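What follows is a set of notes on a single structure, which appears directly below.
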Protein chains: 2
Amino acid sequence: MGRVLADQILFAQRGSSAEVEEGRAFAPKFDADGLLTCVATDAGSGEVLMVAHMNAQALANTIATGEAWYFSRSRQSLWRKGETSGHVQRVVEMRVDCDQDAVWIKVEQAGPGACHTGRRSCFYRAVPVGEGAKTSVRLEFRDAEKAFDPHDVYGGGTKPEG
Amino acid sequence: MGRVLADQILFAQRGSSAEVEEGRAFAPKFDADGLLTCVATDAGSGEVLMVAHMNAQALANTIATGEAWYFSRSRQSLWRKGETSGHVQRVVEMRVDCDQDAVWIKVEQAGPGACHTGRRSCFYRAVPVGEGAKTSVRLEFRDAEKAFDPHDVYGGGTKPEG
């Protein structure tokens with residue numbers, strides 16, 4: 001392989017704001033729970049597929065393997081995207097934001113969708129805003145057709161991922 | 001105006017997973033700090049501009065006004081995007097994800113950029129992954145040209161937003 005292993009990957013210590021924002025050292029800022037936010041978009045369409053979290057191990061695994069790993073807050077465990085469904089995400093590019101507390105990955109999504117509900121994206125409902133806002137907010141389904149049957153992919157039982 | 005006021009907006013109580021995921025009630029899941037994650041993308045290009053947080057007030061303000069409001073974790077205060085810079089974000093569409101702990105807003109970004117460092121997007125550095133991964137991660141500047149001079153817009157002193 002010749003690839004770097006996840007356990008060999010080193011993150012830098014946090015420096016000054018100038019160093020964090022204008023430097024080339026990767027010094028991710030994990031929150032009190034040891035997590036940073038990750039946004040995954042479809043590398044082709046640009047659509048936001050999901051928002052999830054990574055701990056240091058998930059981040060290192062993603063960098064080393066080029067496939068998305070996350071940390072499930074609900075299950076408190078490391079999670080390779082697609083480990084149950086086969087719907088892995090190949091990372092085409094990873095970006096980090098100015099203060100390095102969020103990453104954006106552009107991915108090639110394997111299979112029909114990213115969402116455990118069977119949709120392509122987790123963001124299949126709109127919230128009316130501005131002129132369309134209502135006192136009692138009602139969501140509007142949008143791009144919400146099911147791309148696959150989650151029972152076929154995940155089986156019954158509890159939510160497998162996320 | 002005839003518009004709904006932010007203080008009139010009602011969020012629903014959290015129901016079962018089926019209700020949260022497949023229903024039309026908007027029951028945002030705020031974390032232990034009272035925040036949910038917001039991803040802002042450029043409505044035209046699809047580029048991720050920034051990732052920030054909203055508390056209930058920021059979310060209600062955004063829905064009522066159609067302009068992005070956030071909650072600054074560092075300053076612990078409500079923040080109307082563009083209040084200092086003039087770089088407001090008009091929300092073209094708001095989406096919520098399956099478990100309703102994240103929103104995605106597609107925005108028309110006023111002014112040259114969203115990032116307090118002077119870039120169009122906060123995500124102006126890439127992290128090499130997969131075959132390009134290195135043990136000691138070095139960031140690569142990408143789409144990192146300054147769109148404006150932050151000193152001209154924000155003045156000196158501390159980071160004004162975020």
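Convention: chains lettered A, B, ... in structure tokens order; per-chain residue numbering from 1; ligands numbered from 1 as shown.
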
- Message: Based on only C-alpha atoms, which of the residues in chain A come within 7 Å of chain B? I want them as a ChimeraX atom specification.
- Response: /A:3-4,8-11,24-26,46,51,63-66,94-98,102,122-131,133-140

- Task: From chain A, collect each residue whose DSSP state is strand (DSSP E or B) and return the set as a PyMOL selection string.
- Result: chain A and resi 10+25+36-42+48-54+67+69-72+77-80+89-96+102-109+125-127+136+138+140-141

Only C-alpha atoms, please: the residues just picked out, written as a PDB file, in the first residue's frame.
```
ATOM      1  CA  LEU A  10      -0.310  13.592  13.978  1.00  0.00           C
ATOM      2  CA  ALA A  25      -0.569  23.161  10.537  1.00  0.00           C
ATOM      3  CA  LEU A  36     -15.815  18.261  15.531  1.00  0.00           C
ATOM      4  CA  THR A  37     -18.556  18.815  12.987  1.00  0.00           C
ATOM      5  CA  CYS A  38     -18.356  17.279   9.527  1.00  0.00           C
ATOM      6  CA  VAL A  39     -20.479  18.273   6.537  1.00  0.00           C
ATOM      7  CA  ALA A  40     -20.586  15.766   3.688  1.00  0.00           C
ATOM      8  CA  THR A  41     -21.621  16.999   0.253  1.00  0.00           C
ATOM      9  CA  ASP A  42     -22.034  15.066  -2.962  1.00  0.00           C
ATOM     10  CA  VAL A  48     -25.491  18.415   1.322  1.00  0.00           C
ATOM     11  CA  LEU A  49     -25.903  14.726   2.109  1.00  0.00           C
ATOM     12  CA  MET A  50     -25.472  14.739   5.881  1.00  0.00           C
ATOM     13  CA  VAL A  51     -23.997  16.463   8.903  1.00  0.00           C
ATOM     14  CA  ALA A  52     -22.259  14.273  11.450  1.00  0.00           C
ATOM     15  CA  HIS A  53     -19.413  14.315  13.947  1.00  0.00           C
ATOM     16  CA  MET A  54     -15.869  12.993  14.050  1.00  0.00           C
ATOM     17  CA  GLU A  67     -13.298   6.892   3.259  1.00  0.00           C
ATOM     18  CA  TRP A  69     -15.606   7.546   9.342  1.00  0.00           C
ATOM     19  CA  TYR A  70     -17.748   9.230  11.974  1.00  0.00           C
ATOM     20  CA  PHE A  71     -18.450   9.054  15.682  1.00  0.00           C
ATOM     21  CA  SER A  72     -22.028   8.287  16.618  1.00  0.00           C
ATOM     22  CA  SER A  77     -19.030   4.583  19.031  1.00  0.00           C
ATOM     23  CA  LEU A  78     -16.773   4.911  16.050  1.00  0.00           C
ATOM     24  CA  TRP A  79     -18.630   4.247  12.829  1.00  0.00           C
ATOM     25  CA  ARG A  80     -17.403   3.599   9.320  1.00  0.00           C
ATOM     26  CA  GLN A  89     -18.383   7.540   1.095  1.00  0.00           C
ATOM     27  CA  ARG A  90     -15.152   7.982  -0.840  1.00  0.00           C
ATOM     28  CA  VAL A  91     -13.642  11.326   0.079  1.00  0.00           C
ATOM     29  CA  VAL A  92     -12.693  13.319  -2.994  1.00  0.00           C
ATOM     30  CA  GLU A  93     -11.568  16.339  -0.983  1.00  0.00           C
ATOM     31  CA  MET A  94     -11.481  17.376   2.676  1.00  0.00           C
ATOM     32  CA  ARG A  95     -11.504  21.034   3.667  1.00  0.00           C
ATOM     33  CA  VAL A  96     -11.147  22.594   7.119  1.00  0.00           C
ATOM     34  CA  ALA A 102     -15.403  21.903  11.270  1.00  0.00           C
ATOM     35  CA  VAL A 103     -14.484  19.902   8.187  1.00  0.00           C
ATOM     36  CA  TRP A 104     -16.236  19.669   4.851  1.00  0.00           C
ATOM     37  CA  ILE A 105     -15.842  16.488   2.826  1.00  0.00           C
ATOM     38  CA  LYS A 106     -16.833  16.186  -0.803  1.00  0.00           C
ATOM     39  CA  VAL A 107     -17.709  12.546  -1.325  1.00  0.00           C
ATOM     40  CA  GLU A 108     -18.647  10.001  -3.910  1.00  0.00           C
ATOM     41  CA  GLN A 109     -21.591   8.308  -2.241  1.00  0.00           C
ATOM     42  CA  ARG A 125     -37.681  18.579   4.331  1.00  0.00           C
ATOM     43  CA  ALA A 126     -37.826  22.356   4.005  1.00  0.00           C
ATOM     44  CA  VAL A 127     -38.639  24.902   6.715  1.00  0.00           C
ATOM     45  CA  SER A 136     -46.685  27.050  13.792  1.00  0.00           C
ATOM     46  CA  ARG A 138     -44.914  22.917   9.182  1.00  0.00           C
ATOM     47  CA  GLU A 140     -42.496  20.612   3.488  1.00  0.00           C
ATOM     48  CA  PHE A 141     -41.150  17.403   1.988  1.00  0.00           C
TER      49      PHE A 141
END
```

- Message: Taking only chain A into account, list the residues labelled helix (DSSP H, G or I) by DSSP (computed from the backbone), as a list in words.
- Response: Ala6, Asp7, Gln8, Ser17, Ala18, Glu19, Val20, Glu21, Glu22, Ala56, Gln57, Ala58, Leu59, Ala60, Asn61, Thr62, Ile63, Ala64, Thr65, Gly130, Glu131, Gly132, Pro150, His151, Asp152, Val153 and Tyr154 of chain A

- What gap, in Å, lies between CA of Gly15 in chain B and CA of Ser74 in chain A?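 That distance, rounded to one decimal, is 16.4 Å.
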
- Task: State, in Å with one decimal place, the distance from CA of Asp143 in chain A to CA of Thr84 in chain A.
- Result: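 Computed distance, CA of Asp143 in chain A to CA of Thr84 in chain A, equals 24.0 Å.
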
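Taking only C-alpha atoms into account, His87 in chain B lies nearest to B:Ala110 out of the set B:Ala110, B:Arg73, B:Ala58, B:Asp31.
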